Every structure is written in structure tokens, then in C-alpha cells.
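Participant: You'll find work.pdb just under this line, and it carries PDB, C-alpha atoms.
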ATOM      1  CA  MET A  29     -41.015  49.842  48.654
ATOM      2  CA  ARG A  30     -42.012  52.676  50.973
ATOM      3  CA  LYS A  31     -44.427  52.038  53.837
ATOM      4  CA  PHE A  32     -47.564  54.174  53.594
ATOM      5  CA  LYS A  33     -50.108  55.026  56.286
ATOM      6  CA  THR A  34     -53.543  56.605  56.339
ATOM      7  CA  LEU A  35     -53.496  60.180  57.585
ATOM      8  CA  ALA A  36     -56.710  59.758  59.565
ATOM      9  CA  THR A  37     -55.618  56.769  61.666
ATOM     10  CA  LYS A  38     -51.853  56.492  61.031
ATOM     11  CA  THR A  39     -52.522  52.810  60.244
ATOM     12  CA  PRO A  40     -49.862  51.168  58.043
ATOM     13  CA  ILE A  41     -51.241  49.915  54.730
ATOM     14  CA  GLU A  42     -50.127  47.955  51.679
ATOM     15  CA  LEU A  43     -50.450  50.760  49.141
ATOM     16  CA  ILE A  44     -51.565  48.974  45.988
ATOM     17  CA  SER A  45     -54.177  46.692  47.565
ATOM     18  CA  TYR A  46     -55.485  49.562  49.705
ATOM     19  CA  ILE A  47     -56.011  51.862  46.710
ATOM     20  CA  ASN A  48     -57.544  49.006  44.720
ATOM     21  CA  GLU A  49     -60.082  48.314  47.496
ATOM     22  CA  TYR A  50     -60.787  52.015  47.977
ATOM     23  CA  LYS A  51     -61.448  52.416  44.248
ATOM     24  CA  GLN A  52     -64.120  49.687  44.404
ATOM     25  CA  THR A  53     -66.271  51.792  46.743
ATOM     26  CA  HIS A  54     -65.317  55.166  45.231
ATOM     27  CA  PRO A  55     -65.648  54.774  41.442
ATOM     28  CA  ASN A  56     -65.276  58.522  40.742
ATOM     29  CA  LEU A  57     -61.917  58.595  42.489
ATOM     30  CA  GLU A  58     -59.335  61.171  41.405
ATOM     31  CA  MET A  59     -55.780  60.672  42.583
ATOM     32  CA  LEU A  60     -53.557  63.611  43.527
ATOM     33  CA  ILE A  61     -49.893  63.175  44.504
ATOM     34  CA  GLY A  62     -47.341  65.535  45.993
ATOM     35  CA  CYS A  63     -44.119  65.604  47.977
ATOM     36  CA  ASP A  64     -42.326  68.080  50.184
ATOM     37  CA  SER A  65     -39.006  68.028  51.989
ATOM     38  CA  GLN A  66     -37.097  69.809  54.670
ATOM     39  CA  ASN A  67     -33.439  69.837  55.645
ATOM     40  CA  ARG A  68     -32.723  69.397  59.344
ATOM     41  CA  LYS A  69     -29.198  69.044  60.677
ATOM     42  CA  LYS A  70     -27.591  66.110  58.816
ATOM     43  CA  GLU A  71     -30.755  64.748  57.187
ATOM     44  CA  THR A  72     -33.327  65.638  54.588
ATOM     45  CA  PHE A  73     -36.850  64.588  55.512
ATOM     46  CA  TYR A  74     -39.358  63.814  52.763
ATOM     47  CA  ALA A  75     -43.120  63.299  52.915
ATOM     48  CA  ILE A  76     -45.031  61.880  49.942
ATOM     49  CA  VAL A  77     -48.797  62.332  50.022
ATOM     50  CA  ILE A  78     -51.506  60.677  47.946
ATOM     51  CA  GLY A  79     -54.975  62.198  47.998
ATOM     52  CA  LEU A  80     -57.740  59.804  47.010
ATOM     53  CA  TYR A  81     -60.177  62.540  46.096
ATOM     54  CA  THR A  82     -63.872  62.039  45.527
ATOM     55  CA  PRO A  83     -65.356  65.157  43.899
ATOM     56  CA  LYS A  84     -67.714  67.052  46.219
ATOM     57  CA  LYS A  85     -66.837  64.691  49.099
ATOM     58  CA  GLY A  86     -63.189  65.396  49.916
ATOM     59  CA  ALA A  87     -59.948  63.454  49.996
ATOM     60  CA  HIS A  88     -58.761  60.402  51.876
ATOM     61  CA  VAL A  89     -55.037  60.950  52.426
ATOM     62  CA  LEU A  90     -52.230  58.387  52.425
ATOM     63  CA  TYR A  91     -48.641  59.277  53.218
ATOM     64  CA  THR A  92     -45.126  58.081  53.811
ATOM     65  CA  LYS A  93     -42.246  59.861  55.493
ATOM     66  CA  PHE A  94     -38.554  59.039  55.295
ATOM     67  CA  GLU A  95     -35.146  60.593  55.687
ATOM     68  CA  VAL A  96     -31.942  60.500  53.711
ATOM     69  CA  PRO A  97     -28.516  62.057  54.265
ATOM     70  CA  ARG A  98     -28.837  65.825  53.885
ATOM     71  CA  GLU A  99     -29.230  67.114  50.338
ATOM     72  CA  LYS A 100     -26.873  70.071  50.304
ATOM     73  CA  ASP A 101     -28.060  71.375  46.947
ATOM     74  CA  ASN A 102     -31.541  72.935  46.992
ATOM     75  CA  VAL A 103     -32.316  72.145  43.337
ATOM     76  CA  THR A 104     -31.392  68.478  43.828
ATOM     77  CA  ARG A 105     -33.701  68.251  46.837
ATOM     78  CA  LEU A 106     -36.580  69.866  44.931
ATOM     79  CA  ILE A 107     -36.116  67.650  41.872
ATOM     80  CA  ASN A 108     -36.041  64.609  44.178
ATOM     81  CA  GLU A 109     -39.471  65.655  45.457
ATOM     82  CA  VAL A 110     -40.741  65.570  41.895
ATOM     83  CA  TRP A 111     -39.139  62.193  41.117
ATOM     84  CA  PHE A 112     -40.556  60.644  44.305
ATOM     85  CA  SER A 113     -44.056  61.800  43.311
ATOM     86  CA  VAL A 114     -43.685  60.516  39.757
ATOM     87  CA  GLU A 115     -42.266  57.216  41.022
ATOM     88  CA  VAL A 116     -45.356  56.601  43.197
ATOM     89  CA  ALA A 117     -47.699  57.698  40.389
ATOM     90  CA  GLU A 118     -46.009  55.291  37.974
ATOM     91  CA  GLN A 119     -46.177  52.400  40.446
ATOM     92  CA  ILE A 120     -49.929  52.915  40.886
ATOM     93  CA  ARG A 121     -50.514  53.409  37.153
ATOM     94  CA  THR A 122     -48.530  50.280  36.286
ATOM     95  CA  GLU A 123     -50.090  48.025  38.898
ATOM     96  CA  LEU A 124     -53.681  49.345  38.977
ATOM     97  CA  ASP A 125     -54.093  51.289  35.735
ATOM     98  CA  ILE A 126     -55.119  54.359  37.748
ATOM     99  CA  ARG A 127     -53.513  57.578  36.548
ATOM    100  CA  ALA A 128     -52.942  60.499  38.900
ATOM    101  CA  LYS A 129     -55.076  63.481  37.889
ATOM    102  CA  PHE A 130     -52.435  65.899  39.209
ATOM    103  CA  ILE A 131     -48.911  65.790  40.494
ATOM    104  CA  ASP A 132     -48.461  68.776  42.751
ATOM    105  CA  ILE A 133     -45.009  70.317  43.051
ATOM    106  CA  ASP A 134     -43.859  72.757  45.706
ATOM    107  CA  LEU A 135     -42.160  75.180  43.323
ATOM    108  CA  ASN A 136     -42.820  78.835  42.737
ATOM    109  CA  PRO A 137     -43.194  80.398  39.267
ATOM    110  CA  ASP A 138     -41.978  83.734  40.658
ATOM    111  CA  PRO A 139     -38.237  84.123  39.902
ATOM    112  CA  LYS A 140     -37.628  85.902  43.218
ATOM    113  CA  TYR A 141     -37.989  82.548  45.039
ATOM    114  CA  LYS A 142     -35.168  79.988  45.137
ATOM    115  CA  SER A 143     -37.473  77.122  44.151
ATOM    116  CA  ASN A 144     -38.011  78.788  40.774
ATOM    117  CA  ALA A 145     -34.575  77.510  39.691
ATOM    118  CA  ALA A 146     -36.001  73.983  39.481
ATOM    119  CA  LEU A 147     -39.433  74.817  38.034
ATOM    120  CA  ASN A 148     -38.785  74.269  34.311
ATOM    121  CA  SER A 149     -36.998  70.966  34.921
ATOM    122  CA  ALA A 150     -39.711  69.782  37.297
ATOM    123  CA  VAL A 151     -42.542  70.660  34.924
ATOM    124  CA  GLY A 152     -40.654  68.882  32.139
ATOM    125  CA  ILE A 153     -40.289  65.724  34.220
ATOM    126  CA  VAL A 154     -43.956  65.602  35.198
ATOM    127  CA  THR A 155     -45.403  66.461  31.792
ATOM    128  CA  GLY A 156     -42.837  64.267  30.038
ATOM    129  CA  MET A 157     -44.172  61.311  32.051
ATOM    130  CA  GLY A 158     -47.702  62.178  30.892
ATOM    131  CA  TYR A 159     -49.087  63.797  34.043
ATOM    132  CA  THR A 160     -50.650  67.191  34.669
ATOM    133  CA  VAL A 161     -48.633  69.368  37.032
ATOM    134  CA  ARG A 162     -49.803  71.980  39.513
ATOM    135  CA  HIS A 163     -47.389  74.351  41.223
ATOM    136  CA  LYS A 164     -47.711  77.261  43.629
ATOM    137  CA  GLY A 165     -50.380  79.584  42.353
ATOM    138  CA  HIS A 166     -52.434  76.645  41.036
ATOM    139  CA  SER A 167     -53.677  75.124  44.324
ATOM    140  CA  PRO A 168     -51.195  72.269  44.843
ATOM    141  CA  MET A 169     -53.204  70.695  47.691
ATOM    142  CA  MET A 170     -50.985  67.683  48.177
ATOM    143  CA  THR A 171     -47.821  69.708  48.710
ATOM    144  CA  TYR A 172     -49.614  71.681  51.437
ATOM    145  CA  ALA A 173     -50.430  68.391  53.167
ATOM    146  CA  ALA A 174     -46.887  67.093  52.648
ATOM    147  CA  ASP A 175     -45.474  70.341  54.056
ATOM    148  CA  ASN A 176     -47.394  69.831  57.282
ATOM    149  CA  LEU A 177     -46.268  66.196  57.548
ATOM    150  CA  VAL A 178     -42.587  66.837  56.866
ATOM    151  CA  LYS A 179     -42.476  69.338  59.727
ATOM    152  CA  LEU A 180     -43.678  66.776  62.298
TER
END
Output the structure of this file as C-alpha cells.
Facilitator:
Amino acid sequence: MRKFKTLATKTPIELISYINEYKQTHPNLEMLIGCDSQNRKKETFYAIVIGLYTPKKGAHVLYTKFEVPREKDNVTRLINEVWFSVEVAEQIRTELDIRAKFIDIDLNPDPKYKSNAALNSAVGIVTGMGYTVRHKGHSPMMTYAADNLVKL
């Protein structure tokens, strides 16, 4: 189980109980999930971000960061980002019966970008698991947040 923190305070939390308590005071909660990664030297760094979004009020952001041995293949690294997001979404759905409104993926629909090679597979994974996907060009807010975190 990955250790999550709040973005605002960097305080470690127990993910499921935290979201459950947050939901009690924010009944219109929408959950957005995304992941980004970056290769550095011999490691790949990942950041998974969960936005607990209240319409017209903004998002409360939770995150986890971790590293693994370097993913040498770009498509593998990008698909891992998608699986990590889906894995967290499924854990929350299973334990709290809260379904993510969107899973944001950091892939580009324009074939001139390398990430496009993984787009069809990634969209298939997310939609096949019953979630709505957003990719570049469709405001994937959580991957923007994850991108900033993975660079720290």
C-alpha cells in the first residue's frame, strides 16, 4: 500500500479513511486521478495524484511519490502510469464505493509526439475498467499536478 500525503501540508494520511471522512463534509465530491513519471539516471520516479474536487470550490489534492528501477521503454513507463492510476481508483471504488469521475493520462493524441504510441492502449485500459479518460487536449488537471510533483 502506497503512503499518501496532502499536498497542502505534506501530512501523511491513511488514504481510505481520509477520503471517507472528507466525503462526509463534501457530499458533492468528484474524484480525479492522474499519474506522471520521469526517468532520472537509474530510476523512474512516479507521482500519483488524487484530486478531491468540489465543483465551484476547487480541489483538495492527495499524492504519493515513489521510484522504481529505470523503465527503459517509454511505452512501458507510460502504461505503468495508467495502471497506477487505475489501481488507486479501483482501491477507492472497492473500499468506499466512490468512483473516480476522470482518470487523467499524460498522453498526446497528436502522432508527432512519442507518447501517442501508448494512447490507444491507455484509453482501452481506462475505459475497459469503466472510467472516463481525459488526455492532453482535454484538460487533464491531475497529470499537470503530478508532473510538478515528479520533478521535485
Participant: Apply the PyMOL selection byres ((chain A and resi 153) around 12) to the file shown and report the selected residues as a ChimeraX atom specification.
Facilitator: /A:107-115,131,133,146-152,154-161
Participant: Go ahead and dump the residues you just picked, C-alpha atoms, as a CSV table (one decimal), in the coordinates of the input.
Facilitator:
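Saved the output as selection04.csv:
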chain,number,residue,atom,x,y,z
A,107,ILE,CA,-36.1,67.6,41.9
A,108,ASN,CA,-36.0,64.6,44.2
A,109,GLU,CA,-39.5,65.7,45.5
A,110,VAL,CA,-40.7,65.6,41.9
A,111,TRP,CA,-39.1,62.2,41.1
A,112,PHE,CA,-40.6,60.6,44.3
A,113,SER,CA,-44.1,61.8,43.3
A,114,VAL,CA,-43.7,60.5,39.8
A,115,GLU,CA,-42.3,57.2,41.0
A,131,ILE,CA,-48.9,65.8,40.5
A,133,ILE,CA,-45.0,70.3,43.1
A,146,ALA,CA,-36.0,74.0,39.5
A,147,LEU,CA,-39.4,74.8,38.0
A,148,ASN,CA,-38.8,74.3,34.3
A,149,SER,CA,-37.0,71.0,34.9
A,150,ALA,CA,-39.7,69.8,37.3
A,151,VAL,CA,-42.5,70.7,34.9
A,152,GLY,CA,-40.7,68.9,32.1
A,154,VAL,CA,-44.0,65.6,35.2
A,155,THR,CA,-45.4,66.5,31.8
A,156,GLY,CA,-42.8,64.3,30.0
A,157,MET,CA,-44.2,61.3,32.1
A,158,GLY,CA,-47.7,62.2,30.9
A,159,TYR,CA,-49.1,63.8,34.0
A,160,THR,CA,-50.6,67.2,34.7
A,161,VAL,CA,-48.6,69.4,37.0
Participant: Kindly indicate which residue among A:Lys179, A:Ile126, A:Val103, A:Ala87 lies nearest to A:Lys142, using all atoms listed in the file for the distances.
Facilitator: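 The answer is A:Val103, which sits nearest to A:Lys142.
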Participant: Between A:Thr82, A:Val89, A:Ala75, A:Ser143, which is the closest to A:Tyr46 once you count only C-alpha atoms?
Facilitator: A:Val89
Participant: Pick from A:Ala36, A:Lys31, A:Val178, A:Asn48: nearest to A:Arg68, with only C-alpha atoms counted?
Facilitator: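 Answer, going by the shortest atom-to-atom distance: A:Val178.
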Participant: Where does the PyMOL selection byres ((chain A and resi 83) around 9) land in this file, that is, which residues does it pick, as a PyMOL selection string?
Facilitator: chain A and resi 56-58+81-82+84-87
Participant: Find, counting all atoms listed in the file, the residue in A:Thr92, A:Asn67, A:Thr53, A:Thr34 that gets nearest to A:Leu177.
Facilitator: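 Once distances to A:Leu177 are computed over all atoms listed in the file, the minimum belongs to A:Thr92.
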